[in-house]
$ cat work-v3.cif   # mmCIF, C-alpha atoms
data_input
#
loop_
_atom_site.label_atom_id
_atom_site.label_comp_id
_atom_site.auth_asym_id
_atom_site.auth_seq_id
_atom_site.Cartn_x
_atom_site.Cartn_y
_atom_site.Cartn_z
CA GLY S 12 7.67 -174.26 3.91
CA PHE S 13 5.91 -171.31 5.52
CA THR S 14 4.35 -173.35 8.33
CA ALA S 15 7.70 -174.76 9.47
CA LEU S 16 9.35 -171.38 9.05
CA SER S 17 6.64 -169.59 11.02
CA GLU S 18 7.11 -171.98 13.94
CA THR S 19 10.56 -170.45 14.45
CA MET S 20 9.30 -166.85 14.46
CA SER S 21 7.60 -164.57 16.93
CA THR S 22 4.30 -163.04 15.86
CA LYS S 23 6.08 -159.76 15.08
CA GLU S 24 8.79 -161.52 13.05
CA MET S 25 6.12 -163.42 11.10
CA ALA S 26 4.21 -160.20 10.34
CA ASN S 27 7.44 -158.51 9.16
CA PHE S 28 8.37 -161.56 7.08
CA LEU S 29 4.95 -161.69 5.38
CA GLY S 30 5.07 -157.95 4.74
CA SER S 31 8.48 -158.27 3.09
CA PHE S 32 7.37 -161.25 1.05
CA ARG S 33 4.13 -159.62 -0.07
CA LEU S 34 5.97 -156.47 -1.13
CA ARG S 35 8.16 -158.55 -3.45
CA VAL S 36 5.12 -160.33 -4.87
CA MET S 37 3.18 -157.09 -5.37
CA ASP S 38 6.10 -155.33 -7.07
CA SER S 39 6.72 -158.27 -9.42
CA VAL S 40 3.06 -158.54 -10.42
CA VAL S 41 2.41 -154.81 -10.84
CA ASN S 42 5.72 -154.22 -12.67
CA ASN S 43 4.53 -156.71 -15.30
CA GLY S 44 0.99 -155.51 -15.89
CA GLY S 45 -0.91 -157.66 -13.42
CA LEU S 46 -2.84 -157.06 -10.26
CA ILE S 47 -3.16 -158.93 -7.00
CA ASP S 48 -6.66 -160.28 -6.51
CA LYS S 49 -5.85 -161.34 -2.97
CA PHE S 50 -3.20 -162.53 -0.60
CA ILE S 51 -4.05 -165.81 1.09
CA GLY S 52 -1.72 -166.35 4.01
CA ASP S 53 1.69 -166.84 2.40
CA GLY S 54 0.19 -167.12 -1.09
CA ALA S 55 -1.23 -164.74 -3.64
CA LEU S 56 -3.65 -164.86 -6.53
CA ALA S 57 -2.53 -162.56 -9.35
CA ILE S 58 -4.50 -161.73 -12.48
CA PHE S 59 -3.09 -160.80 -15.86
CA GLY S 60 -4.83 -159.96 -19.12
CA LEU S 61 -7.60 -157.67 -17.98
CA GLN S 62 -6.45 -155.17 -20.61
CA SER S 63 -4.52 -157.42 -23.00
CA ASP S 64 -4.89 -160.52 -25.13
CA ALA S 65 -4.03 -164.03 -23.94
CA ARG S 66 -0.56 -164.04 -25.51
CA GLU S 67 0.47 -160.81 -23.80
CA ALA S 68 -1.11 -161.94 -20.51
CA ALA S 69 0.89 -165.19 -20.60
CA HIS S 70 4.10 -163.27 -21.19
CA GLN S 71 3.24 -160.84 -18.40
CA ALA S 72 2.56 -163.69 -15.96
CA LEU S 73 5.78 -165.46 -16.86
CA ALA S 74 7.77 -162.23 -16.58
CA ALA S 75 6.23 -161.53 -13.17
CA GLY S 76 7.05 -165.04 -11.97
CA SER S 77 10.62 -164.77 -13.22
CA GLU S 78 11.04 -161.36 -11.60
CA LEU S 79 9.70 -162.73 -8.32
CA GLN S 80 12.14 -165.65 -8.46
CA ALA S 81 15.01 -163.17 -8.89
CA LYS S 82 13.74 -161.00 -6.02
CA ILE S 83 13.47 -164.05 -3.74
CA ALA S 84 17.00 -165.19 -4.71
CA THR S 85 18.39 -161.76 -3.79
CA TRP S 86 16.36 -161.71 -0.55
CA ASN S 87 17.65 -165.18 0.32
CA LYS S 88 21.28 -164.04 0.02
CA GLY S 89 20.65 -161.45 2.71
CA ARG S 90 18.65 -163.87 4.84
CA GLU S 91 21.37 -166.52 4.68
CA GLU S 92 24.10 -163.98 5.49
CA SER S 93 22.19 -163.11 8.66
CA GLY S 94 21.71 -166.79 9.60
CA LYS S 95 18.06 -167.05 8.52
CA ALA S 96 16.56 -169.85 6.47
CA ALA S 97 16.14 -169.40 2.73
CA VAL S 98 12.64 -168.89 1.37
CA ARG S 99 11.32 -171.36 -1.22
CA ILE S 100 8.34 -170.52 -3.36
CA ALA S 101 6.19 -172.36 -5.87
CA ILE S 102 4.64 -170.38 -8.72
CA ALA S 103 1.93 -171.68 -11.05
CA ALA S 104 0.12 -170.13 -13.99
CA HIS S 105 -2.94 -171.15 -15.97
CA ALA S 106 -4.84 -169.26 -18.67
CA GLY S 107 -8.49 -169.04 -19.53
CA SER S 108 -11.63 -167.07 -18.92
CA ALA S 109 -12.93 -166.14 -15.49
CA VAL S 110 -15.57 -163.95 -13.94
CA VAL S 111 -13.71 -160.90 -12.65
CA GLY S 112 -15.30 -158.07 -10.74
CA ALA S 113 -17.16 -157.10 -7.61
CA ILE S 114 -18.95 -160.11 -6.17
CA GLY S 115 -21.12 -160.22 -3.08
CA ASP S 116 -23.95 -158.23 -1.63
CA GLU S 117 -24.53 -155.09 0.40
CA ARG S 118 -23.03 -156.73 3.51
CA ARG S 119 -19.77 -157.77 1.87
CA LEU S 120 -18.63 -156.89 -1.61
CA GLU S 121 -15.17 -157.73 -2.88
CA PHE S 122 -13.22 -157.65 -6.09
CA THR S 123 -12.23 -161.18 -7.12
CA ALA S 124 -11.86 -163.68 -9.92
CA ILE S 125 -13.80 -166.93 -9.93
CA GLY S 126 -14.21 -169.87 -12.24
CA ASN S 127 -12.55 -173.04 -13.42
CA THR S 128 -9.43 -171.17 -14.59
CA VAL S 129 -8.82 -169.87 -11.06
CA ASN S 130 -9.45 -173.30 -9.53
CA LEU S 131 -7.05 -174.98 -11.95
CA ALA S 132 -4.35 -172.39 -11.24
CA ALA S 133 -4.64 -173.18 -7.52
CA ARG S 134 -4.38 -176.92 -8.25
CA LEU S 135 -1.28 -176.34 -10.39
CA GLU S 136 0.33 -174.54 -7.47
CA GLU S 137 -0.35 -177.63 -5.31
CA ILE S 138 1.27 -179.84 -7.96
CA ALA S 139 4.28 -177.52 -8.15
CA LYS S 140 4.79 -177.92 -4.39
CA GLN S 141 4.29 -181.69 -4.49
CA ARG S 142 6.75 -182.14 -7.34
CA ASP S 143 9.23 -179.57 -6.03
CA ILE S 144 8.90 -177.47 -9.20
CA ASP S 145 9.66 -173.78 -8.73
CA PHE S 146 7.54 -172.48 -11.62
CA LEU S 147 4.83 -174.61 -13.28
CA VAL S 148 2.53 -173.61 -16.13
CA SER S 149 -0.29 -175.33 -17.93
CA GLY S 150 -0.25 -176.27 -21.59
CA THR S 151 -2.73 -173.44 -22.13
CA VAL S 152 -0.13 -170.92 -20.98
CA ALA S 153 2.62 -172.71 -22.92
CA ASP S 154 0.51 -172.44 -26.09
CA HIS S 155 0.63 -168.64 -25.80
CA VAL S 156 4.39 -168.42 -25.30
CA ASP S 157 6.67 -167.71 -28.21
CA GLY S 158 10.43 -167.43 -27.91
CA GLY S 159 12.47 -166.00 -25.11
CA ILE S 160 10.99 -168.29 -22.46
CA ALA S 161 12.32 -171.81 -22.07
CA LEU S 162 9.83 -174.46 -21.01
CA ASN S 163 10.38 -178.09 -20.13
CA ALA S 164 7.54 -180.62 -20.61
CA VAL S 165 6.72 -182.24 -17.26
CA GLY S 166 3.91 -184.50 -18.48
CA GLN S 167 0.14 -184.75 -18.35
CA GLU S 168 -1.95 -184.90 -15.21
CA VAL S 169 -5.58 -185.08 -14.24
CA VAL S 170 -5.83 -182.26 -11.74
CA ARG S 171 -7.76 -182.82 -8.51
CA GLY S 172 -11.38 -181.82 -9.00
CA SER S 173 -11.16 -181.87 -12.81
CA ALA S 174 -12.01 -184.56 -15.32
CA GLU S 175 -9.63 -183.35 -18.01
CA GLU S 176 -5.94 -184.08 -18.34
CA ILE S 177 -3.71 -181.01 -18.43
CA ALA S 178 -0.26 -180.70 -20.00
CA LEU S 179 2.30 -179.36 -17.54
CA PHE S 180 5.52 -177.44 -18.19
CA SER S 181 8.20 -176.09 -15.90
CA VAL S 182 9.70 -172.71 -16.63
CA ILE S 183 13.45 -172.99 -16.97
CA SER S 184 15.08 -170.29 -14.87
CA LYS S 185 17.67 -168.01 -16.46
CA ALA S 186 19.67 -167.93 -13.21
#
$ encode --input "work-v3.cif" --output "structure tokens"
Amino acid sequence: GFTALSETMSTKEMANFLGSFRLRVMDSVVNNGGLIDKFIGDGALAIFGLQSDAREAAHQALAAGSELQAKIATWNKGREESGKAAVRIAIAAHAGSAVVGAIGDERRLEFTAIGNTVNLAARLEEIAKQRDIDFLVSGTVADHVDGGIALNAVGQEVVRGSAEEIALFSVISKA
């Protein structure tokens, strides 16, 4: 709901809002062993597993998402007390290989991650928004999760731009 929310803000208020939001995202990701590849407007692409195996990376990503949900819930209490609208977020996670590193040329070189895994993660985030699911993960992530994290099967879906069907799971919040 960032577009609708931003229509009610001045440019300065929007910049302050995004700064506050991004700080919460950054802290949640870094606190759990990940890094931010990039912020894209009101969204972020985070990477886990650069120095760990897939199982640990899945747990790190899920812990970061859960921490972010808690941070947003706390932030929303303060926002609502001051008469501001609550913030809703959609989180999605997918696992797999990607090309990660400096990509570009001498005119523009940037650190990024590219590949089908990244594309599918972005599509899962779209599905999470469409289905009003706060935290959605692929079956690939679910396969790496053992105990301590409750998942609910959402079904199978052919993701836009992909020929394969992907199993989807929502992360059950502890709150």
$ residues_around --input "work-v3.cif" --residues "Gly60 (chain S)" --least-positions-apart "2" --cutoff "10 Å" --atoms "only C-alpha atoms" --output "short mmCIF file (atom, residue, chain, number, x, y, z; two decimals) with C-alpha atoms, in the frame of the given file"
data_model
loop_
_atom_site.label_atom_id
_atom_site.label_comp_id
_atom_site.auth_asym_id
_atom_site.auth_seq_id
_atom_site.Cartn_x
_atom_site.Cartn_y
_atom_site.Cartn_z
CA GLY S 44 0.99 -155.51 -15.89
CA GLY S 45 -0.91 -157.66 -13.42
CA LEU S 46 -2.84 -157.06 -10.26
CA ILE S 58 -4.50 -161.73 -12.48
CA GLN S 62 -6.45 -155.17 -20.61
CA SER S 63 -4.52 -157.42 -23.00
CA ASP S 64 -4.89 -160.52 -25.13
CA ALA S 65 -4.03 -164.03 -23.94
CA ARG S 66 -0.56 -164.04 -25.51
CA GLU S 67 0.47 -160.81 -23.80
CA ALA S 68 -1.11 -161.94 -20.51
CA ALA S 69 0.89 -165.19 -20.60
CA HIS S 70 4.10 -163.27 -21.19
CA GLN S 71 3.24 -160.84 -18.40
CA ALA S 72 2.56 -163.69 -15.96
CA ALA S 106 -4.84 -169.26 -18.67
CA GLY S 107 -8.49 -169.04 -19.53
CA SER S 108 -11.63 -167.07 -18.92
#
$ closest_atom_pairs --input "work-v3.cif" --of "region 103-177 of chain S" --to "region 12-31 of chain S" --cutoff "12 Å" --atoms "only C-alpha atoms" --output "tab-separated table"
residue	atom	partner	partner_atom	distance
S:Lys140	CA	S:Gly12	CA	9.5
S:Gln141	CA	S:Gly12	CA	11.7
S:Asp143	CA	S:Gly12	CA	11.4
$ closest_atom_pairs --input "work-v3.cif" --of "region 35-112 of chain S" --to "region 123-129 of chain S" --cutoff "12 Å" --atoms "all atoms listed in the file" --output "tab-separated table"
residue	atom	partner	partner_atom	distance
S:Leu46	CA	S:Thr123	CA	10.7
S:Ile47	CA	S:Thr123	CA	9.3
S:Asp48	CA	S:Thr123	CA	5.7
S:Lys49	CA	S:Thr123	CA	7.6
S:Phe50	CA	S:Thr123	CA	11.2
S:Ala55	CA	S:Val129	CA	11.8
S:Leu56	CA	S:Val129	CA	8.5
S:Ala57	CA	S:Ala124	CA	9.4
S:Ile58	CA	S:Ala124	CA	8.0
S:Phe59	CA	S:Ala124	CA	11.0
S:Leu61	CA	S:Ala124	CA	10.9
S:Ala103	CA	S:Val129	CA	10.9
S:Ala104	CA	S:Val129	CA	9.4
S:His105	CA	S:Thr128	CA	6.6
S:Ala106	CA	S:Thr128	CA	6.4
S:Gly107	CA	S:Thr128	CA	5.5
S:Ser108	CA	S:Thr128	CA	6.4
S:Ala109	CA	S:Gly126	CA	5.1
S:Val110	CA	S:Ile125	CA	5.3
S:Val111	CA	S:Ala124	CA	4.3
S:Gly112	CA	S:Thr123	CA	5.7
$ resolve_selection --input "work-v3.cif" --expression "the PyMOL selection byres ((chain S and resi 160-171) around 7)" --output "list in words"
Arg134, Gly158, Gly159, Gly172, Ser173, Ala174, Glu175, Glu176, Ile177, Ala178, Leu179, Phe180, Ser181, Val182 and Ile183 of chain S
$ atom_distance --input "work-v3.cif" --atom1 "CA of Arg35 (chain S)" --atom2 "CA of Asp145 (chain S)"
16.2 Å
$ atom_distance --input "work-v3.cif" --atom1 "CA of Ala75 (chain S)" --atom2 "CA of Val41 (chain S)"
8.1 Å
$ closest_residue --input "work-v3.cif" --among "S:Phe122, S:Asn43, S:Leu73, S:Asp53" --to "Ala153 (chain S)" --atoms "all atoms listed in the file"
S:Leu73
$ closest_residue --input "work-v3.cif" --among "S:Asp116, S:Ser184, S:Val98, S:Val156" --to "Ile144 (chain S)" --atoms "all atoms listed in the file"
S:Ser184
$ axis_aligned_box --input "work-v3.cif" --around "region 63-78 of chain S" --padding-each-side "3 Å" --output "AutoDock Vina command-line options"
--center_x 3.1 --center_y -161.4 --center_z -18.6 --size_x 21.9 --size_y 14.0 --size_z 19.9
$ atom_distance --input "work-v3.cif" --atom1 "CA of Val148 (chain S)" --atom2 "CA of Glu136 (chain S)"
9.0 Å
$ residues_near_point --input "work-v3.cif" --point "(18.4, -170.3, 5.8)" --cutoff "12 Å" --atoms "all atoms listed in the file" --output "NGL selection string"
:S and (12 or 16 or 19 or 84 or 86-99)
$ closest_residue --input "work-v3.cif" --among "S:Phe32, S:Ala74, S:Thr85, S:His155" --to "Ile100 (chain S)" --atoms "all atoms listed in the file"
S:Phe32
